[in-house]
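*Asks:* Mind looking over this structure? Questions follow.
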Amino acid sequence: MSISLSLIYLVSTIAFIIGLKKLGHPATAKNGNLIAASGMGLAIAGTIFIHDLRVPTTIYILIGLAILIGSVIGGWMAIKVKMTKMPELVSLFNGFGGASAALIGLVEFSKDGGDKMITTTIVSGIIIGAITFSGSMIAWGKLNGSIKSVIKIPYHNSVNNLFLAGIVAFAFFMVTAGASNEVLVFALLAAGLIYGILFVLPIGGADMPVVISLLNSLTGIAAAITGVLLSNMVMLIGGILVGSAGIILTIAMCKGMNRTLAAVIFGTFGATDSVPGANKTLGTIKKTNPSDSAIMLNYATNVIIVPGYGLAVAQAQHVIHELEELLTKKGVNVTYAIHPVAGRMPGHMNVLLAESNVDYSLLLEMDDINPQFKNTDVVLVVGANDVVNPAAHNDPSSPIYGMPILDVENAKHIIVNKRTMNAGYAGIENELFYNDKTVMLFGDAKAALTKLVSELKNM
């Protein structure tokens, strides 16, 4: 490798690290993303134009066409995607990253000279890449509604674990026996694809944020393995950064869902369709209207807004920001309570509110905001469900029992905006809706909040 290419890879690596650091805060996340993307662009350009590839000109033309087509499609998807569809886009990107690693492994397997370390790296990349691709595609289907239910086979945990053990044993045989038969490597690829499907199919929708984080980590690991295989340091370091960041985020999501990482990989992970206690009689609900809700908010001193997926579906982030600004002008102290797994992916609500220019200092994480609920006059819950359900504290039979939630029930008054009384992503009733302090403001979030803002302006 030339000195100039090594220097380019070094600059790219530094750009990745700085970009990742800046992604840790909403105020710097946009610049961080641009810095990391620039580093990747520099690394790609260096590899193509400086690395001694020794390939015909036609190959360069094909590479250029592939980059052009990929850039156009990727840019178009990123621009056109709705905020509610962002988790699906992330799943697709995860899947494509895994597929790339698996395909590179297949190509390199045909060149393998029998070195056991190289073979181990190749089969590891194929397995992880295949699992990531098929698992991400199933996650994508669950997120967009194509796969509407939890699909389980009898004794699915035992079957999955045995299947994974079989894949590992098969890969070990290929390495130790020095197998070079392409039929075997394609069988390994197929096994990885099947396991990815079996792994994600039984997982319930409420646990998708953790799944996305885990698959993202696997994509990084697959990229790192590919970097080892190709002796490409920038790909190795980039993969390590993605993989390690994904693991850290996965652990944080597990904590937010009251799961363990072992339970995610090997346990009964969100695999319930029928929920104990879901039909339990919880009492009656009290309805309200925009006028009464406006009066309640107008005379409050402290208001906390809890955004959820319903806010994203209705694309009401700009209206909620207008409501917040209006209340602030009236002397009301307004903050936002952000649960770590609100929405359909980690950070979903942060990105949604940032899109409407909400001040970052108003976004408080669960641990910071929970002590404040008891001193809050009104909590406005918009489209959130499972993350505010007191069953997590009160009902040992509930599948979310023990899950850390926003302690909305401790506030003096609670307004919940929902379109219907349908259960949330976890498929269970929400005890908060039947609380004596709760009133339900039914309707589309954007329409309901617009009326609420109109009423407040007239006060």
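Chains: A, B, ... in order of the structure tokens. Residues: from 1 per chain. Ligands: from 1, in order shown.
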Tell me, as a list in words, which residues lie within 8 Å of A:Val334, counting only C-alpha atoms; anything in the same chain fewer than 5 positions away does not count.
*Replies:*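 Result of the neighbour search: Asn302, Val303, Ile304, Ile305, Glu324, Leu327, Thr328 and Leu362 of chain A.
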*Asks:* Need the shell around stretch 189-194 of chain A: protein/DNA/RNA residues with any atom at most 12 Å away, counting only C-alpha atoms. Skip same-chain ones fewer than 6 positions apart. Format as a PyMOL selection string?
*Replies:* chain A and resi 95+98-99+101-106+109+122-138+159-160+163-171+182-183+200-201
*Asks:* Counting only C-alpha atoms, which residue out of A:Gly239, A:Asn33, A:Lys287, A:Ile48 sits closest to A:Ile63?
*Replies:* A:Ile48
*Asks:* Taking only stretch 68-291 of chain A into account, list the residues labelled helix (DSSP H, G or I) by DSSP (computed from the backbone), as a ChimeraX atom specification.
*Replies:* /A:68-80,83-109,116-144,156-177,182-200,205-230,233-256,261-266,290-291
*Asks:* Could you tell me which of A:Glu88, A:Asp395, A:Asp377, A:Glu429 comes closest to A:Leu297 if we count only C-alpha atoms?
*Replies:*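 Checking each candidate against A:Leu297, we get A:Asp377 as the closest.
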*Asks:* Using only C-alpha atoms, which residues sit within 12 Å of stretch 37-42 of chain A once same-chain residues fewer than 4 positions away are excluded, as an MDAnalysis selection string?
*Replies:* chainID A and resid 5:20 30:33 46:50 67 71 234:235 237:239
*Asks:* Counting only C-alpha atoms, what is within 12 Å of A:His339, bar same-chain residues fewer than 2 positions away, as a PyMOL selection string?
*Replies:* chain A and resi 209+252-253+255-257+305-309+336-337+341-350+363-370+384-388+403-408
*Asks:* How would the residues just chosen look if you wrote them out with C-alpha atoms as a PDB file, in the first residue's frame?
*Replies:*
ATOM      1  CA  PRO A 209     -35.952  -1.276  18.462  1.00  0.00           C
ATOM      2  CA  ALA A 252     -28.964   0.375  26.191  1.00  0.00           C
ATOM      3  CA  MET A 253     -32.113  -0.724  24.345  1.00  0.00           C
ATOM      4  CA  LYS A 255     -32.067  -1.953  29.505  1.00  0.00           C
ATOM      5  CA  GLY A 256     -34.876   0.246  28.216  1.00  0.00           C
ATOM      6  CA  MET A 257     -36.965  -2.842  27.433  1.00  0.00           C
ATOM      7  CA  ILE A 305     -45.082  16.503  26.462  1.00  0.00           C
ATOM      8  CA  VAL A 306     -44.585  12.776  25.827  1.00  0.00           C
ATOM      9  CA  PRO A 307     -44.217  12.086  22.074  1.00  0.00           C
ATOM     10  CA  GLY A 308     -44.794   8.660  20.582  1.00  0.00           C
ATOM     11  CA  TYR A 309     -45.147   6.866  17.257  1.00  0.00           C
ATOM     12  CA  TYR A 336     -40.376  16.807  26.417  1.00  0.00           C
ATOM     13  CA  ALA A 337     -40.027  13.348  27.960  1.00  0.00           C
ATOM     14  CA  VAL A 341     -37.402   3.022  22.894  1.00  0.00           C
ATOM     15  CA  ALA A 342     -40.229   5.399  21.974  1.00  0.00           C
ATOM     16  CA  GLY A 343     -41.209   5.032  18.331  1.00  0.00           C
ATOM     17  CA  ARG A 344     -39.889   2.218  16.178  1.00  0.00           C
ATOM     18  CA  MET A 345     -36.146   2.658  16.564  1.00  0.00           C
ATOM     19  CA  PRO A 346     -33.610   4.178  18.948  1.00  0.00           C
ATOM     20  CA  GLY A 347     -33.614   7.978  18.776  1.00  0.00           C
ATOM     21  CA  HIS A 348     -36.758   8.081  16.640  1.00  0.00           C
ATOM     22  CA  MET A 349     -38.424  10.814  18.707  1.00  0.00           C
ATOM     23  CA  ASN A 350     -35.240  12.893  18.968  1.00  0.00           C
ATOM     24  CA  LEU A 363     -35.570  16.977  25.294  1.00  0.00           C
ATOM     25  CA  LEU A 364     -35.051  15.123  28.572  1.00  0.00           C
ATOM     26  CA  GLU A 365     -34.255  11.442  28.819  1.00  0.00           C
ATOM     27  CA  MET A 366     -36.291   9.088  31.001  1.00  0.00           C
ATOM     28  CA  ASP A 367     -33.972   9.056  34.017  1.00  0.00           C
ATOM     29  CA  ASP A 368     -33.830  12.861  34.068  1.00  0.00           C
ATOM     30  CA  ILE A 369     -37.539  13.540  33.545  1.00  0.00           C
ATOM     31  CA  ASN A 370     -39.106  10.865  35.767  1.00  0.00           C
ATOM     32  CA  ALA A 384     -47.250   7.053  23.037  1.00  0.00           C
ATOM     33  CA  ASN A 385     -48.581   3.862  24.581  1.00  0.00           C
ATOM     34  CA  ASP A 386     -46.416   1.078  25.994  1.00  0.00           C
ATOM     35  CA  VAL A 387     -43.707   3.435  27.297  1.00  0.00           C
ATOM     36  CA  VAL A 388     -46.232   5.096  29.664  1.00  0.00           C
ATOM     37  CA  MET A 403     -39.768  -2.462  31.808  1.00  0.00           C
ATOM     38  CA  PRO A 404     -38.582   1.067  32.692  1.00  0.00           C
ATOM     39  CA  ILE A 405     -41.315   3.528  31.717  1.00  0.00           C
ATOM     40  CA  LEU A 406     -42.038   7.238  31.929  1.00  0.00           C
ATOM     41  CA  ASP A 407     -43.812   7.804  35.257  1.00  0.00           C
ATOM     42  CA  VAL A 408     -46.657   9.804  33.707  1.00  0.00           C
TER      43      VAL A 408
END
*Asks:* Pick from A:Phe442, A:Phe93, A:Tyr401, A:Trp140: nearest to A:Met208, with only C-alpha atoms counted?
*Replies:*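 Looking at the shortest contact to A:Met208, the residue is A:Trp140.
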*Asks:* Can you list, as an NGL selection string, every residue of stretch 382-450 of chain A that DSSP puts in strand (DSSP E or B)?
*Replies:* :A and (382 or 413-418 or 438-442)
*Asks:* Could those selected residues go to a file with N, CA, C and O atoms, as a PDB file, in the first residue's frame?
*Replies:*
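Result went into selection_23.pdb, see below:
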ATOM      1  N   VAL A 382     -48.850  12.202  23.425  1.00  0.00           N
ATOM      2  CA  VAL A 382     -49.283  12.232  22.030  1.00  0.00           C
ATOM      3  C   VAL A 382     -48.780  10.986  21.304  1.00  0.00           C
ATOM      4  O   VAL A 382     -47.601  10.889  20.944  1.00  0.00           O
ATOM      5  N   HIS A 413     -52.418  15.993  36.344  1.00  0.00           N
ATOM      6  CA  HIS A 413     -53.426  15.796  35.308  1.00  0.00           C
ATOM      7  C   HIS A 413     -52.757  15.223  34.068  1.00  0.00           C
ATOM      8  O   HIS A 413     -51.607  15.558  33.760  1.00  0.00           O
ATOM      9  N   ILE A 414     -53.487  14.377  33.337  1.00  0.00           N
ATOM     10  CA  ILE A 414     -52.920  13.703  32.167  1.00  0.00           C
ATOM     11  C   ILE A 414     -53.898  13.803  31.002  1.00  0.00           C
ATOM     12  O   ILE A 414     -55.080  13.473  31.148  1.00  0.00           O
ATOM     13  N   ILE A 415     -53.409  14.279  29.871  1.00  0.00           N
ATOM     14  CA  ILE A 415     -54.187  14.307  28.631  1.00  0.00           C
ATOM     15  C   ILE A 415     -53.522  13.340  27.658  1.00  0.00           C
ATOM     16  O   ILE A 415     -52.328  13.457  27.374  1.00  0.00           O
ATOM     17  N   VAL A 416     -54.283  12.374  27.153  1.00  0.00           N
ATOM     18  CA  VAL A 416     -53.742  11.388  26.222  1.00  0.00           C
ATOM     19  C   VAL A 416     -54.419  11.555  24.871  1.00  0.00           C
ATOM     20  O   VAL A 416     -55.647  11.437  24.774  1.00  0.00           O
ATOM     21  N   ASN A 417     -53.644  11.846  23.854  1.00  0.00           N
ATOM     22  CA  ASN A 417     -54.176  11.929  22.498  1.00  0.00           C
ATOM     23  C   ASN A 417     -53.897  10.628  21.763  1.00  0.00           C
ATOM     24  O   ASN A 417     -52.762  10.213  21.609  1.00  0.00           O
ATOM     25  N   LYS A 418     -54.978   9.980  21.330  1.00  0.00           N
ATOM     26  CA  LYS A 418     -54.900   8.760  20.529  1.00  0.00           C
ATOM     27  C   LYS A 418     -56.030   8.780  19.510  1.00  0.00           C
ATOM     28  O   LYS A 418     -57.056   9.413  19.724  1.00  0.00           O
ATOM     29  N   THR A 438     -56.683  10.853  34.189  1.00  0.00           N
ATOM     30  CA  THR A 438     -56.483  10.862  32.745  1.00  0.00           C
ATOM     31  C   THR A 438     -57.758  11.195  31.986  1.00  0.00           C
ATOM     32  O   THR A 438     -58.835  10.687  32.310  1.00  0.00           O
ATOM     33  N   VAL A 439     -57.616  12.045  30.977  1.00  0.00           N
ATOM     34  CA  VAL A 439     -58.706  12.292  30.019  1.00  0.00           C
ATOM     35  C   VAL A 439     -58.179  11.983  28.624  1.00  0.00           C
ATOM     36  O   VAL A 439     -57.002  12.207  28.324  1.00  0.00           O
ATOM     37  N   MET A 440     -59.043  11.438  27.770  1.00  0.00           N
ATOM     38  CA  MET A 440     -58.650  11.003  26.444  1.00  0.00           C
ATOM     39  C   MET A 440     -59.112  12.019  25.400  1.00  0.00           C
ATOM     40  O   MET A 440     -60.301  12.336  25.306  1.00  0.00           O
ATOM     41  N   LEU A 441     -58.170  12.511  24.620  1.00  0.00           N
ATOM     42  CA  LEU A 441     -58.463  13.415  23.514  1.00  0.00           C
ATOM     43  C   LEU A 441     -58.318  12.603  22.224  1.00  0.00           C
ATOM     44  O   LEU A 441     -57.226  12.436  21.695  1.00  0.00           O
ATOM     45  N   PHE A 442     -59.437  12.081  21.737  1.00  0.00           N
ATOM     46  CA  PHE A 442     -59.390  11.190  20.583  1.00  0.00           C
ATOM     47  C   PHE A 442     -59.277  11.973  19.274  1.00  0.00           C
ATOM     48  O   PHE A 442     -59.794  13.079  19.145  1.00  0.00           O
TER      49      PHE A 442
END
*Asks:* What lies within 9 Å of stretch 317-320 of chain A using only C-alpha atoms, ignoring chain neighbours under 2 positions off, as a PyMOL selection string?
*Replies:* chain A and resi 305+307+311-312+314-315+322-325+352-358+446+449-450+453
*Asks:* With only C-alpha atoms as the atoms that count, which of A:Leu432, A:Leu214, A:Ala262, A:Val381 lies nearest to A:Asn394?
*Replies:* A:Leu432
*Asks:* What is the distance between atom CA of A:Asn298 and atom CA of A:Thr420, in Å to one decimal?
*Replies:* 25.4 Å
*Asks:* Using only C-alpha atoms, can you tell me which of A:Ser291, A:Ser231, A:Ser213, A:Asn410 comes closest to A:Ile251?
*Replies:*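 Using only C-alpha atoms, the shortest distance to A:Ile251 belongs to A:Ser213.
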